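Student: As input, take coords-v9.txt (compact mmCIF, C-alpha atoms and all ligand atoms):
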```
# COMPACT_ATOMS: atom_id res chain seq x y z
CA MET A 873 -40.22 89.30 136.49
CA ASP A 874 -41.31 90.95 133.27
CA PHE A 875 -38.47 91.70 130.91
CA ASN A 876 -40.70 92.31 127.93
CA MET A 877 -39.46 95.44 126.12
CA LYS A 878 -36.82 96.07 128.75
CA HIS A 879 -33.55 97.44 127.43
CA ILE A 880 -30.05 96.67 128.69
CA ILE A 881 -28.30 100.04 128.52
CA SER A 882 -26.45 100.61 131.77
CA ILE A 883 -25.71 98.42 134.77
CA ASN A 884 -26.78 101.43 136.86
CA ASP A 885 -30.37 100.88 135.71
CA PHE A 886 -30.56 97.50 137.42
CA GLN A 887 -31.87 96.54 140.83
CA ARG A 888 -30.34 93.57 142.61
CA GLU A 889 -33.48 91.44 142.03
CA GLU A 890 -33.22 92.02 138.29
CA ILE A 891 -29.55 91.03 138.22
CA ASP A 892 -30.35 87.87 140.23
CA TYR A 893 -33.11 87.05 137.77
CA ILE A 894 -30.82 87.47 134.73
CA LEU A 895 -28.09 85.33 136.32
CA ASP A 896 -30.63 82.60 137.23
CA GLN A 897 -31.98 82.61 133.68
CA SER A 898 -28.42 82.46 132.32
CA LYS A 899 -27.76 79.34 134.39
CA LYS A 900 -30.93 77.74 133.05
CA MET A 901 -29.90 78.62 129.50
CA GLU A 902 -26.46 77.17 130.00
CA GLU A 903 -27.97 73.88 131.16
CA LEU A 904 -30.60 73.72 128.43
CA PRO A 905 -30.01 71.01 125.77
CA GLN A 906 -29.20 72.48 122.32
CA LYS A 907 -32.37 71.00 120.77
CA ASP A 908 -34.45 73.12 123.17
CA LYS A 909 -32.20 76.17 122.94
CA ILE A 910 -32.68 76.39 119.18
CA GLU A 911 -36.42 76.97 119.65
CA LEU A 912 -36.04 80.10 121.81
CA PHE A 913 -35.36 82.72 119.14
CA LYS A 914 -36.63 80.82 116.12
CA GLY A 915 -37.92 83.03 113.32
CA LYS A 916 -36.57 86.15 114.99
CA VAL A 917 -33.94 88.57 113.76
CA MET A 918 -31.28 90.38 115.73
CA ALA A 919 -29.70 93.52 114.30
CA SER A 920 -26.11 93.93 115.42
CA LEU A 921 -25.05 97.46 114.61
CA PHE A 922 -21.35 97.93 115.29
CA PHE A 923 -20.59 101.55 114.48
CA GLU A 924 -17.20 100.79 115.98
CA PRO A 925 -15.59 97.40 115.36
CA SER A 926 -15.34 94.86 118.19
CA THR A 927 -15.01 91.34 116.85
CA ARG A 928 -15.32 89.58 120.18
CA THR A 929 -18.44 91.38 121.34
CA LYS A 930 -20.11 91.11 117.95
CA ASP A 931 -19.35 87.41 117.53
CA SER A 932 -20.53 86.57 121.04
CA PHE A 933 -23.91 88.16 120.34
CA ILE A 934 -24.18 86.51 116.92
CA SER A 935 -23.20 83.13 118.35
CA ALA A 936 -25.87 83.41 121.06
CA CYS A 937 -28.44 84.43 118.45
CA LEU A 938 -27.60 81.48 116.14
CA LYS A 939 -27.58 78.97 119.01
CA MET A 940 -31.09 80.08 119.89
CA GLY A 941 -32.25 79.59 116.31
CA GLY A 942 -32.35 83.26 115.30
CA ASN A 943 -30.95 85.13 112.35
CA HIS A 944 -29.02 88.36 112.21
CA VAL A 945 -28.48 91.43 110.08
CA GLY A 946 -26.21 94.42 110.56
CA PHE A 947 -22.69 95.69 110.04
CA SER A 948 -19.40 95.65 111.88
CA ASP A 949 -17.94 98.95 110.85
CA THR A 950 -19.46 102.01 109.33
CA SER A 951 -17.35 102.20 106.19
CA SER A 952 -19.71 99.83 104.36
CA THR A 953 -22.96 101.55 105.29
CA SER A 954 -24.92 104.50 104.07
CA LEU A 955 -23.69 106.44 107.11
CA LYS A 956 -20.80 107.34 104.84
CA LYS A 957 -23.34 108.87 102.50
CA GLY A 958 -24.51 111.22 105.21
CA GLU A 959 -27.37 109.18 106.66
CA THR A 960 -27.90 110.16 110.29
CA PHE A 961 -27.51 107.81 113.24
CA ALA A 962 -31.23 108.07 113.98
CA ASP A 963 -32.16 107.20 110.35
CA THR A 964 -29.87 104.16 110.37
CA ILE A 965 -31.20 102.64 113.57
CA ARG A 966 -34.82 103.37 112.58
CA MET A 967 -34.25 101.46 109.36
CA TYR A 968 -32.90 98.42 111.23
CA GLU A 969 -35.81 98.62 113.66
CA LYS A 970 -38.04 97.60 110.74
CA TYR A 971 -35.87 94.57 109.93
CA SER A 972 -35.43 93.12 113.40
CA ASP A 973 -36.89 92.06 116.74
CA ILE A 974 -33.97 93.17 118.90
CA LEU A 975 -31.08 95.53 118.35
CA VAL A 976 -27.53 95.28 119.69
CA ILE A 977 -25.56 98.47 119.31
CA ARG A 978 -21.94 99.45 119.78
CA HIS A 979 -20.83 103.02 119.29
CA SER A 980 -17.88 105.19 120.29
CA ILE A 981 -20.29 107.98 121.22
CA GLU A 982 -21.38 107.89 124.87
CA GLY A 983 -25.12 107.65 125.37
CA ALA A 984 -25.75 106.31 121.83
CA ALA A 985 -27.48 103.16 123.12
CA ARG A 986 -29.62 105.13 125.59
CA TYR A 987 -30.74 107.42 122.79
CA ALA A 988 -31.50 104.41 120.56
CA SER A 989 -33.65 102.85 123.30
CA GLU A 990 -35.64 106.07 123.56
CA ILE A 991 -36.50 106.41 119.89
CA LEU A 992 -37.05 102.74 118.94
CA SER A 993 -39.89 100.43 119.82
CA ILE A 994 -37.84 97.22 119.99
CA PRO A 995 -35.53 96.19 122.87
CA VAL A 996 -32.00 97.59 122.68
CA ILE A 997 -28.86 96.02 124.17
CA ASN A 998 -25.82 98.21 124.67
CA GLY A 999 -22.70 96.45 123.39
CA GLY A 1000 -20.51 99.31 124.61
CA ASP A 1001 -20.84 103.08 124.26
CA GLY A 1002 -17.41 104.68 124.28
CA ALA A 1003 -15.92 105.04 127.75
CA ASN A 1004 -19.35 104.84 129.34
CA GLN A 1005 -21.02 101.43 129.72
CA HIS A 1006 -20.71 97.81 128.66
CA PRO A 1007 -23.43 96.20 130.77
CA THR A 1008 -23.36 92.68 129.31
CA GLN A 1009 -19.65 92.48 130.17
CA THR A 1010 -20.54 93.32 133.78
CA LEU A 1011 -23.34 90.75 133.84
CA LEU A 1012 -20.87 88.17 132.54
CA ASP A 1013 -18.36 89.09 135.28
CA LEU A 1014 -21.08 88.74 137.91
CA TYR A 1015 -22.15 85.41 136.41
CA SER A 1016 -18.56 84.13 136.56
CA ILE A 1017 -18.27 85.12 140.22
CA LYS A 1018 -21.57 83.45 141.06
CA LYS A 1019 -20.69 80.33 139.12
CA SER A 1020 -17.31 79.88 140.80
CA LYS A 1021 -18.36 80.88 144.34
CA GLY A 1022 -22.02 79.85 144.43
CA SER A 1023 -23.01 83.33 145.53
CA ILE A 1024 -21.99 86.92 144.94
CA ASP A 1025 -22.69 87.94 148.55
CA ASN A 1026 -20.00 87.52 151.21
CA ASN A 1027 -16.93 87.73 149.01
CA ASN A 1028 -13.58 89.47 149.34
CA ILE A 1029 -12.85 90.64 145.84
CA LEU A 1030 -9.52 92.07 144.73
CA ILE A 1031 -9.53 94.20 141.59
CA ALA A 1032 -6.16 95.05 140.07
CA GLY A 1033 -4.88 96.92 137.02
CA ASP A 1034 -5.91 100.10 135.30
CA LEU A 1035 -8.63 101.25 137.67
CA LYS A 1036 -8.67 104.79 136.36
CA TYR A 1037 -9.63 104.30 132.71
CA GLY A 1038 -11.03 100.76 132.79
CA ARG A 1039 -14.78 101.09 132.49
CA THR A 1040 -15.34 97.39 133.26
CA VAL A 1041 -13.89 97.80 136.78
CA HIS A 1042 -16.05 100.87 137.44
CA SER A 1043 -19.24 99.08 136.36
CA LEU A 1044 -18.33 95.87 138.21
CA SER A 1045 -17.54 97.73 141.45
CA LEU A 1046 -20.83 99.63 141.35
CA ALA A 1047 -22.79 96.47 140.50
CA LEU A 1048 -21.13 94.62 143.40
CA SER A 1049 -22.30 97.39 145.73
CA LEU A 1050 -25.83 96.02 145.28
CA PHE A 1051 -24.82 92.76 146.99
CA ASP A 1052 -24.37 91.99 150.70
CA ASN A 1053 -21.16 91.85 152.68
CA ILE A 1054 -18.80 92.63 149.82
CA ASN A 1055 -15.22 93.65 150.59
CA LEU A 1056 -13.32 95.26 147.75
CA THR A 1057 -9.56 95.69 147.49
CA PHE A 1058 -8.30 97.96 144.74
CA VAL A 1059 -4.71 97.58 143.55
CA SER A 1060 -3.14 99.88 140.99
CA PRO A 1061 -0.17 102.19 140.49
CA PRO A 1062 -0.98 105.56 142.14
CA SER A 1063 -1.47 107.18 138.73
CA LEU A 1064 -4.17 104.66 137.76
CA ARG A 1065 -6.28 104.65 140.94
CA MET A 1066 -10.04 104.32 141.03
CA PRO A 1067 -11.58 107.76 140.28
CA ASP A 1068 -12.98 109.70 143.26
CA GLU A 1069 -16.41 109.67 141.67
CA ILE A 1070 -16.56 105.86 141.95
CA THR A 1071 -15.09 105.62 145.46
CA GLU A 1072 -17.50 108.35 146.58
CA MET A 1073 -20.46 106.35 145.25
CA LEU A 1074 -19.18 103.18 146.96
CA ARG A 1075 -18.79 105.07 150.24
CA ASN A 1076 -22.33 106.46 149.93
CA ARG A 1077 -23.61 102.93 149.39
CA GLY A 1078 -21.77 101.65 152.46
CA VAL A 1079 -19.39 99.30 150.64
CA SER A 1080 -16.15 98.55 152.48
CA PHE A 1081 -13.04 98.92 150.34
CA SER A 1082 -9.30 99.46 150.69
CA ILE A 1083 -6.70 100.83 148.28
CA TYR A 1084 -3.18 99.48 147.66
CA ASP A 1085 -0.31 100.26 145.29
CA ASN A 1086 1.33 96.92 145.66
CA LEU A 1087 -0.15 93.54 144.79
CA GLU A 1088 1.89 91.50 147.34
CA GLU A 1089 0.69 93.68 150.20
CA ALA A 1090 -2.89 93.55 149.06
CA VAL A 1091 -3.38 89.85 148.44
CA ARG A 1092 -4.88 88.13 151.46
CA ASP A 1093 -7.94 85.92 151.94
CA ASN A 1094 -9.36 86.98 148.60
CA ASP A 1095 -12.15 84.90 147.17
CA ILE A 1096 -11.87 86.45 143.72
CA ILE A 1097 -9.00 88.21 141.97
CA TYR A 1098 -10.03 90.31 138.97
CA MET A 1099 -7.16 91.53 136.81
CA THR A 1100 -7.40 94.03 133.98
CA ARG A 1101 -4.82 94.73 131.36
CA ILE A 1102 -2.83 97.89 131.95
CA GLN A 1103 -2.65 99.81 128.72
CA ARG A 1104 0.99 100.81 128.39
CA GLU A 1105 0.20 103.70 126.10
CA ARG A 1106 -1.34 105.52 129.06
CA PHE A 1107 1.99 105.66 130.89
CA PRO A 1108 4.27 108.63 130.50
CA ASN A 1109 7.63 107.64 128.90
CA GLY A 1110 6.39 104.10 128.30
CA ALA A 1111 7.71 103.04 131.73
CA MET B 37 -43.73 147.69 146.26
CA ASN B 38 -45.21 150.78 147.85
CA ASP B 39 -41.89 152.29 148.73
CA ARG B 40 -38.73 152.09 146.66
CA PRO B 41 -36.57 149.74 148.65
CA TYR B 42 -33.70 149.66 146.19
CA LYS B 43 -31.81 152.20 144.21
CA VAL B 44 -33.31 150.69 141.09
CA TYR B 45 -35.92 152.16 138.76
CA ARG B 46 -39.47 151.18 139.68
CA ILE B 47 -41.53 149.32 137.08
CA GLU B 48 -45.27 149.27 136.45
CA ASN B 49 -45.50 145.95 134.63
CA GLY B 50 -42.91 143.24 134.28
CA THR B 51 -40.60 141.07 136.33
CA VAL B 52 -38.31 141.77 139.26
CA ILE B 53 -35.65 139.14 139.90
CA ASP B 54 -34.51 139.72 143.45
CA HIS B 55 -32.03 138.11 145.86
CA ILE B 56 -29.64 137.14 143.08
CA GLN B 57 -26.27 136.20 144.57
CA GLY B 58 -23.92 139.19 144.59
CA SER B 59 -22.47 139.95 141.11
CA LYS B 60 -24.35 137.10 139.37
CA ALA B 61 -26.85 139.47 137.69
CA ILE B 62 -24.94 139.73 134.44
CA ARG B 63 -24.79 135.96 134.21
CA VAL B 64 -28.54 135.77 134.85
CA LEU B 65 -29.17 138.28 132.07
CA HIS B 66 -26.95 136.23 129.80
CA VAL B 67 -28.66 132.87 130.42
CA LEU B 68 -32.04 134.52 129.87
CA GLY B 69 -30.77 135.96 126.59
CA LEU B 70 -31.63 139.43 127.80
CA ASP B 71 -28.16 140.77 127.15
CA THR B 72 -28.83 140.60 123.43
CA ASP B 73 -32.58 141.25 123.53
CA MET B 74 -32.90 145.02 123.42
CA ASN B 75 -36.69 145.23 123.29
CA ASN B 76 -37.30 145.61 127.00
CA LEU B 77 -36.23 148.29 129.43
CA ILE B 78 -33.94 146.57 131.91
CA THR B 79 -32.49 148.09 135.06
CA MET B 80 -30.07 146.37 137.28
CA GLY B 81 -28.57 146.77 140.74
CA ILE B 82 -25.30 145.03 141.44
CA ASN B 83 -23.89 144.44 144.91
CA LEU B 84 -26.78 146.05 146.74
CA LYS B 85 -26.84 145.63 150.51
CA SER B 86 -28.97 142.73 151.69
CA LYS B 87 -29.85 141.92 155.29
CA LYS B 88 -30.11 138.22 154.53
CA PHE B 89 -27.23 137.67 152.10
CA GLY B 90 -24.83 140.56 152.70
CA LYS B 91 -24.74 141.45 149.02
CA LYS B 92 -27.27 140.83 146.32
CA ASP B 93 -28.16 141.79 142.77
CA VAL B 94 -31.57 142.84 141.44
CA ILE B 95 -32.83 142.87 137.85
CA LYS B 96 -36.01 144.61 136.73
CA ILE B 97 -37.40 143.94 133.28
CA GLU B 98 -40.28 145.94 131.96
CA ASN B 99 -43.15 144.24 130.13
CA ARG B 100 -41.55 140.82 130.16
CA TYR B 101 -42.64 137.71 132.09
CA LEU B 102 -40.63 134.56 132.58
CA SER B 103 -41.37 130.92 131.74
CA LYS B 104 -40.81 127.87 133.94
CA LYS B 105 -37.73 127.05 131.90
CA GLU B 106 -36.36 130.51 132.56
CA PHE B 107 -36.97 130.03 136.31
CA ASP B 108 -34.88 126.85 136.10
CA LYS B 109 -32.10 128.70 134.29
CA ILE B 110 -32.01 131.32 137.02
CA ALA B 111 -31.91 128.56 139.67
CA ILE B 112 -28.82 127.04 138.06
CA VAL B 113 -26.98 130.39 138.18
CA SER B 114 -28.32 131.60 141.50
CA PRO B 115 -30.37 129.27 143.70
CA ASP B 116 -32.65 131.12 146.16
CA ALA B 117 -33.33 134.05 143.81
CA THR B 118 -36.92 135.29 143.90
CA VAL B 119 -39.04 136.25 140.92
CA ASN B 120 -41.74 138.87 141.44
CA VAL B 121 -44.40 139.46 138.84
CA ILE B 122 -45.44 143.13 138.79
CA LYS B 123 -48.79 144.23 137.42
CA ASP B 124 -50.03 147.82 137.55
CA GLY B 125 -47.23 148.77 139.89
CA LYS B 126 -48.11 146.02 142.37
CA ARG B 127 -46.56 142.65 143.05
CA SER B 128 -49.07 140.04 141.86
CA GLU B 129 -46.96 136.89 142.29
CA LYS B 130 -43.81 135.88 144.12
CA HIS B 131 -41.81 132.76 143.30
CA ILE B 132 -38.65 131.40 144.84
CA VAL B 133 -36.70 129.63 142.09
CA LYS B 134 -35.89 126.01 142.83
CA LEU B 135 -33.31 123.78 141.25
CA PRO B 136 -35.34 121.00 139.58
CA GLY B 137 -34.44 117.33 140.09
CA LYS B 138 -34.42 116.85 136.34
CA ILE B 139 -33.21 119.59 134.01
CA ASN B 140 -34.36 119.33 130.40
CA GLY B 141 -32.79 121.20 127.53
CA ILE B 142 -30.92 123.79 129.58
CA ILE B 143 -27.43 122.47 130.27
CA ARG B 144 -24.93 121.68 127.53
CA CYS B 145 -23.04 118.46 128.32
CA PRO B 146 -19.33 119.30 128.70
CA ASN B 147 -18.36 115.83 127.42
CA PRO B 148 -17.42 116.22 123.72
CA ASP B 149 -18.05 112.47 123.17
CA CYS B 150 -21.62 112.66 124.46
CA ILE B 151 -24.47 111.84 122.04
CA THR B 152 -26.16 115.14 122.96
CA ARG B 153 -23.22 116.94 121.36
CA LYS B 154 -23.56 114.98 118.10
CA GLU B 155 -27.28 114.53 117.50
CA LYS B 156 -30.14 116.98 117.82
CA ILE B 157 -31.31 115.78 121.23
CA GLU B 158 -32.58 117.77 124.17
CA SER B 159 -30.07 117.34 126.99
CA VAL B 160 -31.31 115.79 130.24
CA PHE B 161 -29.46 116.27 133.52
CA ILE B 162 -30.22 114.88 136.96
CA THR B 163 -29.41 117.14 139.89
CA GLN B 164 -27.39 115.38 142.57
CA HIS B 165 -27.07 116.83 146.06
CA ASN B 166 -24.09 115.49 147.93
CA GLU B 167 -23.82 117.26 151.27
CA ASP B 168 -23.47 120.93 150.27
CA GLU B 169 -22.19 120.19 146.81
CA ILE B 170 -24.39 120.18 143.73
CA LYS B 171 -23.49 118.06 140.73
CA TYR B 172 -25.28 117.49 137.44
CA ARG B 173 -25.36 114.02 135.95
CA CYS B 174 -25.91 113.61 132.22
CA HIS B 175 -28.71 111.12 131.51
CA TYR B 176 -26.96 110.02 128.30
CA CYS B 177 -23.20 109.74 128.94
CA GLU B 178 -23.81 109.22 132.71
CA ARG B 179 -20.98 111.53 133.70
CA SER B 180 -21.34 113.91 136.63
CA PHE B 181 -20.16 117.49 136.46
CA GLU B 182 -19.58 120.10 139.09
CA LYS B 183 -21.67 123.23 138.98
CA GLU B 184 -18.77 125.32 137.71
CA CYS B 185 -18.12 123.01 134.74
CA VAL B 186 -21.49 123.22 133.03
CA SER B 187 -22.67 125.85 130.59
CA ILE B 188 -26.21 126.84 129.78
CA ILE B 189 -27.63 126.53 126.29
ZN ZN A 1201 -23.44 113.81 128.37
```
As a first step, turn the structure in this file into structure tokens.

Tutor:
Amino acid sequence: MDFNMKHIISINDFQREEIDYILDQSKKMEELPQKDKIELFKGKVMASLFFEPSTRTKDSFISACLKMGGNHVGFSDTSSTSLKKGETFADTIRMYEKYSDILVIRHSIEGAARYASEILSIPVINGGDGANQHPTQTLLDLYSIKKSKGSIDNNNILIAGDLKYGRTVHSLSLALSLFDNINLTFVSPPSLRMPDEITEMLRNRGVSFSIYDNLEEAVRDNDIIYMTRIQRERFPNGA
Amino acid sequence: MNDRPYKVYRIENGTVIDHIQGSKAIRVLHVLGLDTDMNNLITMGINLKSKKFGKKDVIKIENRYLSKKEFDKIAIVSPDATVNVIKDGKRSEKHIVKLPGKINGIIRCPNPDCITRKEKIESVFITQHNEDEIKYRCHYCERSFEKECVSII
């Protein structure tokens, strides 16, 4: 499979075969001795452009880059850059294109990474674009399922928490729809249910799923339980 | 165009937009920018009787021809409208407007956090048909919007 110049912008861009390929490569990377790993990105530079701060995402990319022998440039919030001086988004990313071989971008504006991938001639990885996509998070979730169960097919997966606003559960559910014999159980308070848009897409793709309000009722024969944090600030009266 | 089938002024050269859904003509004029463009003679019939649709609107514009992009704009407001090109009093072309699968630079994304609202980028929408319902999906923020929610640039 040729991943040369392929961007990672949205999990919706991926076919099942491509996801399988990435997960297989990830396993190989995990098993590779450090002395071999350090050769993979030697002499290369990653630009990590975090227009919105996210320490965990940024450090995970930088750690991967360093372990593979690469170097990195970039910023982790926009207060220290020339963006403050009125430089446009397009100007900023075009400048970093000259300095680097790959660009990781995080932005609160939805579609920022897609736009970057269309105007740059180096590969772009989306490290999160507002409420839209965070594809590497989804790939990591899929990798964890595969690692613990041996396969992603044939699993009963329970997903609980804030299913309404949590973008990771939307992306994960849609990605799982590419696999065979997946049963999904969604558990959330009624006010935080999976949006109709997502359930409609799952129905169109023939994925079987059920919806519960109560965790005790829902838990049975699950192979995987995926919990998300419920953000209290979304609740009326802080209940 | 030999007879005068509608109670609307006959034109020698220009465009007749026919079979517009009843009372959508003003919206069609608006999306084509013809409500502010006073250079052409425009006549309009609203809520005319139509055998096929019950009611329909017709717009006739003298000495003005439409582009592909303008066809697409009409299709978003009123699918199934027809565009007739009139030359020397005769119909020289007839087109039925068709909603394109990909709509470039016509729809404004309703999502205020979308990159197309912040940067100078041409919007791109993908038309989604779900049973009888039409939705438009933004290529950038990936959100889908119902027909009624979108506005035209
Ligand atoms: Zn958008």

Student: All residues within 6 Å of ligand ZN 1201 (chain A) are required, counting only C-alpha atoms and all ligand atoms; please report them as a list in words.

Tutor: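 Residues lying within 6 Å of ligand ZN 1201 (chain A): Cys145, Asn147, Cys150, Cys174, Tyr176 and Cys177 of chain B.
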
Student: One decimal, Å: what's the distance from CA of Lys134 in chain B over to CA of Met74 in chain B, could you say?

Tutor: 27.3 Å

Student: Report the closest atom pair, with its distance in Å rounded to one decimal, for each residue of chain B that has an atom no farther than 12 Å from chain A; count only C-alpha atoms, sort by chain and then rising residue number, and write it as CSV.

Tutor:
```
residue,atom,partner,partner_atom,distance
B:Cys145,CA,A:Glu982,CA,11.2
B:Asn147,CA,A:Glu982,CA,8.9
B:Pro148,CA,A:Ile981,CA,9.1
B:Asp149,CA,A:Ile981,CA,5.4
B:Cys150,CA,A:Glu982,CA,4.8
B:Ile151,CA,A:Gly983,CA,5.4
B:Thr152,CA,A:Gly983,CA,7.9
B:Arg153,CA,A:Ile981,CA,9.4
B:Lys154,CA,A:Ile981,CA,8.3
B:Glu155,CA,A:Phe961,CA,8.0
B:Lys156,CA,A:Ala962,CA,9.8
B:Ile157,CA,A:Tyr987,CA,8.5
B:Glu158,CA,A:Tyr987,CA,10.6
B:Ser159,CA,A:Tyr987,CA,10.8
B:Val160,CA,A:Tyr987,CA,11.2
B:Gln164,CA,A:Met1073,CA,11.7
B:Asn166,CA,A:Asn1076,CA,9.4
B:Glu167,CA,A:Asn1076,CA,11.0
B:Lys171,CA,A:Glu1069,CA,11.0
B:Arg173,CA,A:Glu1069,CA,11.5
B:Cys174,CA,A:Gly983,CA,9.1
B:His175,CA,A:Gly983,CA,7.9
B:Tyr176,CA,A:Gly983,CA,4.2
B:Cys177,CA,A:Gly983,CA,4.6
B:Glu178,CA,A:Asn1004,CA,7.1
B:Arg179,CA,A:Asn1004,CA,8.2
B:Ser180,CA,A:Glu1069,CA,8.2
B:Phe181,CA,A:Glu1069,CA,10.1
B:Glu182,CA,A:Glu1069,CA,11.2
```

Student: Produce a file of the selected residues containing C-alpha atoms, as a CSV table (one decimal), in the frame of the given file.

Tutor:
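Once written, result_20.csv looks like this:
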```
chain,number,residue,atom,x,y,z
B,145,CYS,CA,-23.0,118.5,128.3
B,147,ASN,CA,-18.4,115.8,127.4
B,148,PRO,CA,-17.4,116.2,123.7
B,149,ASP,CA,-18.0,112.5,123.2
B,150,CYS,CA,-21.6,112.7,124.5
B,151,ILE,CA,-24.5,111.8,122.0
B,152,THR,CA,-26.2,115.1,123.0
B,153,ARG,CA,-23.2,116.9,121.4
B,154,LYS,CA,-23.6,115.0,118.1
B,155,GLU,CA,-27.3,114.5,117.5
B,156,LYS,CA,-30.1,117.0,117.8
B,157,ILE,CA,-31.3,115.8,121.2
B,158,GLU,CA,-32.6,117.8,124.2
B,159,SER,CA,-30.1,117.3,127.0
B,160,VAL,CA,-31.3,115.8,130.2
B,164,GLN,CA,-27.4,115.4,142.6
B,166,ASN,CA,-24.1,115.5,147.9
B,167,GLU,CA,-23.8,117.3,151.3
B,171,LYS,CA,-23.5,118.1,140.7
B,173,ARG,CA,-25.4,114.0,136.0
B,174,CYS,CA,-25.9,113.6,132.2
B,175,HIS,CA,-28.7,111.1,131.5
B,176,TYR,CA,-27.0,110.0,128.3
B,177,CYS,CA,-23.2,109.7,128.9
B,178,GLU,CA,-23.8,109.2,132.7
B,179,ARG,CA,-21.0,111.5,133.7
B,180,SER,CA,-21.3,113.9,136.6
B,181,PHE,CA,-20.2,117.5,136.5
B,182,GLU,CA,-19.6,120.1,139.1
```

Student: What's the 7 Å shell around range 90-103 of chain B, counting only C-alpha atoms, without same-chain residues fewer than 3 positions away, as number ranges by chain?

Tutor: B: 47, 49-61, 76-87, 106-107

Student: Considering all atoms listed in the file, can you say which of B:Ile189, B:Phe89, B:Leu65, B:Arg46 comes closest to Arg144 in chain B?

Tutor: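 Checking each of B:Ile189, B:Phe89, B:Leu65, B:Arg46 against Arg144 in chain B, counting all atoms listed in the file, the winner is B:Ile189.
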
Student: Excluding same-chain residues fewer than 4 positions from range 941-949 of chain A, what lies within 6 Å of it counting all atoms listed in the file, as a list in words?

Tutor: Ile910, Glu911, Phe913, Lys914, Gly915, Lys916, Val917, Met918, Ala919, Ser920, Leu921, Phe922, Phe923, Glu924, Pro925 and Cys937 of chain A

Student: Report, in Å to a single decimal, how far apart CA of Ile934 in chain A and CA of Glu902 in chain A are.

Tutor: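 Between these atoms lies a distance of 16.2 Å.
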
Student: In the coordinate frame of the file, compute which residues have an atom within 6 Å of (-24.4, 133.0, 137.8) when using only C-alpha atoms, and state them as a list in words.

Tutor: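 Protein, DNA and RNA residues close to (-24.4, 133.0, 137.8): Lys60, Arg63, Val64, Val113 and Ser114 of chain B.
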